[in-house]
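> To start, I am sharing the structure in question, which I have written as structure tokens.
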Amino acid sequence: MQKIISVICLFLVAQLSFGNERLIISNWLTTQPLNTPYPAFYETKNVEGEEFSNRELLTFDHVCIKDVKPASGESFGWIKGEIANWLESTVDEKGFLKFPSDAGESPQMVYLAAYIEAERWLEATLEVNTPQMAQVYLNGRALGNKVTVEEEEGTYGKVTQNLKLKKGKHLLVVKSLYTPDNTLDWKVSASIKPDNAFSVADIGLELKPLRTKTINDVLDGIKVSWIKPSPSGDKYAVAYREAKPPKGESESWIEIKNHDDKSVVHTFRHASITRFQWLPESNAVSFVTGNNNKASLHVLNFDKGETVTLIEDVERLGSYSWSKDESFIIYSVSEDNSDDSEHIRHILGMQDRQSHWRNRSFLYYLDVGTKASHRLTYGNLSTSLHDISPCGEKLLFSKSYPDYQERPFSRHNICMLDLNTMAVDTLWAEKKWMVRGSFSPDGEKILFTGAPDAFDKAGRNIPEGMIANNYDTQAYIYDLSAKIIKPITVEFYPSISSAQWNEADNNIYVTAQDKDKVRLYRYNDRRDRFDEIATPVDIVSGVRFSSGARVATYMGEGMSDPSTGYWISLRRDNTEVIEDPENKRYKHVGFGTNKEWDYQTSKGVDISGRVYLPPAFDEDQTYPLIVYYYGGTNPVSRRFGGRYPFNLWAGQGYVVYVLQPSGATGFGQEFSAAHVNNWGITVADEIIESTGAFLEDHPFIDSQRVGCIGASYGGFMTMLLATETDMFAAAVSHAGISSISSYWGEGYWGYSYSAMATAGKYPWDSPEIYFDQSPLFKADKVTTPMLLVTGDEDTNVPPGESVQMYTALKILGKPVELLKVKGQNHHIVNYEKRIEWNDAIIAWFDKWLKDQNEWWEDQFPKKNFY
């Protein structure tokens with residue numbers, strides 16, 4: 001990857017016909033003529049009576065065109081070990097590039113490449129002229145071909161294609177075939193003519209591959225899902241996934257590699273396996289295969305070179321866990337209690353609106369030696385396994401059930417099962433706040449994570465009179481003998497993301513949200529102290545520990561650094577990269593400068609913020625601004641990709657300002673508690689004031705071209721902001737809430753989320769929140785053009801929240817558009833729909849912040865239905 005603070009773009013000398021504004025490509029990257037032999041018996045007719053044609057030679061993929069990355073001095077492999085070298089070439093005075101036509105008796109192929117830089121979304125016509133056969137590609141996709149050959153001097157055929165180019169760099173490749181029977185000089189020319197609404201000033205031509213990030217970079221290519229080290233610490237398992245354009249067909253697989261040289265020990269590619277685990281002590285792995293709702297559990301032992309099936313064809317097999325000595329497995333099986341024959345469904349409570357809620361899951365014991373199983377739990381409530389004690393004699397599990405009379409509207413029992421006697425010891429009964437637990441290596445304590453209010457509010461650290469934000473996860477240690485809870489994060493400001501008591505060194509390791517970063521920490525129980533472990537990334541996730549060696553693996557990423565797999569020695573805290581499949585993809589992707597920009601409001605609230613500048617940023621120019629926020633209980637992290645890739649927007653020519661209003665976790669409990677019973681009361685003012693100060697501090701921002709965007713709670717904030725300020729020239733709300741009361745009652749988790757965010761307040765007793773803070777009831781104050789987007793199957797924030805805001809603004813004659821993404825829930829995950837959704841958001845901002853409405857109108861042309 002290459003980070004760009006300033007880029008001086010070298011546009012190639014081009015010939016321009018001013019009469020029709022046609023831009024001739026004057027400079028190319030070309031290979032030398034490459035020998036492309038006919039197949040044996042090519043003159044023999046096939047079963048259809050046809051001889052082999054030169055057209056077949058042209059259109060056959062001798063190399064995968066999408067893997068060809070032209071750059072001066074670079075090369076790629078060709079037939080029979082020949083190397084195709086990319087060299088810079090210039091056309092003659094007539095615009096043609098000529099090649100030596102001395103093929104002899106063997107055909108030859110040549111590749112030409114140039115980069116088209118679109119300064120904005122535009123339409124243009126590409127024309128390729130040549131007397132020979134040719135095939136044309138743009139961004140790895142075939143546009144068309146010419147299979148005729150001219151014989152009269154001065155004549156040539158053409159490939160003509162209408163293009164719709166997004167802002168950014170596009171790779172044009174022309175493949176030209178010269179055969180022994182060709183009589184004219186071997187030559188190729190190409191030109192681009194912008195449509196009437198655009199000009200040649202909107203198009204640049206380059207030979208350098210350096211470009212900005214695209215949505216295909218976010219979605220395509222091989223990416224790492226997780227990495228797990230072996231018990232001995234000499235190997236690791238890595239899970240890959242790959243999505244391929246244009247439909248997004250995906251493949252996932254797992255490989256086992258040696259740590260020292262990264263060589264592959266075993267691959268599960270083309271084998272459909274799930275629920276992969278290393279065994280606790282052996283050089284062996286377990287995994288699940290299955291189909292038709294039946295699954296089998298297998299063990300592959302590398303030392304013995306054999307695979308053994310432990311469980312076969314179990315219906316609705318769930319998760320499983322190994323005992324430390326590998327003598328038994330605890331696994332779960334779900335029971336389907338749904339009734340598809342019901343014509344009228346009697347809803348048994350709010351959770352029963354979810355189709356799977358009536359299903360129950362129970363625990364089973366498998367003796368690995370005998371392969372005999374028996375059932376451990378039964379009843380009307382699911383039992384969820386937390387951990388197996390190190391001695392293998394006890395299970396820690398929980399049972400949960402609704403309690404609609406008191407927030408948070410659920411109750412939980414934390415229990416221990418003695419596997420020898422089958423006696424159940426209930427550690428905590430009917431607790432309101434759910435916790436997750438795991439045993440210490442000696443089995444004498446339990447590490448719990450949960451809400452500040454868990455364990456009788458033992459984890460709270462907020463001023464008197466405030467209500468805790470119970471999404472601000474804390475960590476606790478419970479002594480089984482003394483029956484004492486010790487909150488270990490009360491004075492630790494970051495919010496816990498994950499926690500594990502590591503067997504290899506008896507330390508607790510946590511990943512924790514520290515403002516908008518996720519860091520790795522080590523906690524020593526004896527010293528009662530947290531120490532940060534330095535890593536080279538902003539976001540640490542997916543930490544996995546070896547059960548027998550002091551090593552771990554994790555995934556890491558940053559604002560301009562894609563997700564990468566790391567190996568860390570826990571003795572010296574040394575980190576090394578072990579998996580970086582995206583490095584090649586981002587080799588020629590440039591990013592602008594990122595910087596911090598924090599602000600203290602007039603009320604003394606510290607608002608953290610960060611800024612993404614466009615590549616080739618010039619502070620003497622002016623730029624449009626996109627402001628992004630969430631405003632809910634979580635900060636907007638520094639993840640590289642995600643659904644809202646900020647450096648992609650910066651690559652589209654926007655400055656992006658991301659801020660963290662009060663109420664987010666990771667800044668301490670007092671800061672996060674501000675989220676409770678707020679619903680924008682102070683957050684809206686913080687966003688407005690911070691944005692205003694940002695504009696004053698950055699004169700290169702055009703204050704008349706400022707847009708805002710948020711999703712879910714952030715979508716609610718977008719709607720609310722539009723009722724309180726006219727500082728934004730465009731707004732986007734994805735899955736936003738327009739009426740807090742209707743979301744509270746209709747969203748699957750509306751009432752339970754409100755149990756945290758609107759603690760103890762309800763529509764019938766708190767109109768100052770449910771009415772006064774609902775954007776729908778202030779829709780007449782909106783002046784900002786607003787794009788409302790929702791998945792039409794959203795069960796979290798129902799589509800009606802966007803629809804009713806759209807209805808209000810439409811009746812009021814306000815500028816508003818509504819997009820419903822078919823078949824999508826709260827997040828847009830379908831490959832093709834994700835691209836269209838991403839493009840629609842950028843096109844909306846281009847329309848209102850750049851006065852470029854053509855892309856929006858191309859996506860959503862006007863229709864005269866009334």
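The chains in the structure tokens are called A, B, ... from first to last as shown; in each chain the residues are counted from 1, and the ligands are counted from 1 in the order shown.
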Hey, what does DSSP flag as strand (DSSP E or B) within segment 365-528 of chain A? Can you give it to me as JSON, numbers by chain?
{"A": [365, 366, 367, 373, 374, 375, 384, 385, 386, 387, 388, 394, 395, 396, 397, 398, 399, 400, 401, 402, 410, 411, 412, 413, 414, 415, 416, 417, 418, 424, 425, 426, 427, 428, 429, 430, 431, 435, 436, 437, 438, 439, 445, 446, 447, 448, 449, 450, 474, 475, 476, 477, 478, 479, 484, 485, 486, 487, 495, 496, 497, 498, 499, 500, 501, 508, 509, 510, 511, 512, 513, 514, 517, 518, 519, 520, 521, 522, 523, 524]}
> Enumerate, as a count of residues only, the complete set of residues in segment 609-693 of chain A that a backbone-based DSSP assignment places in helix (DSSP H, G or I).
22
> So how far away is atom CA of Val789 of chain A from atom CA of Gly609 of chain A, in Å?
25.5 Å
> Looking at A:Pro775, A:Gly140, A:Gly157, A:Pro33, which one is nearest to Val128 of chain A, with distances taken over only C-alpha atoms?
A:Gly157
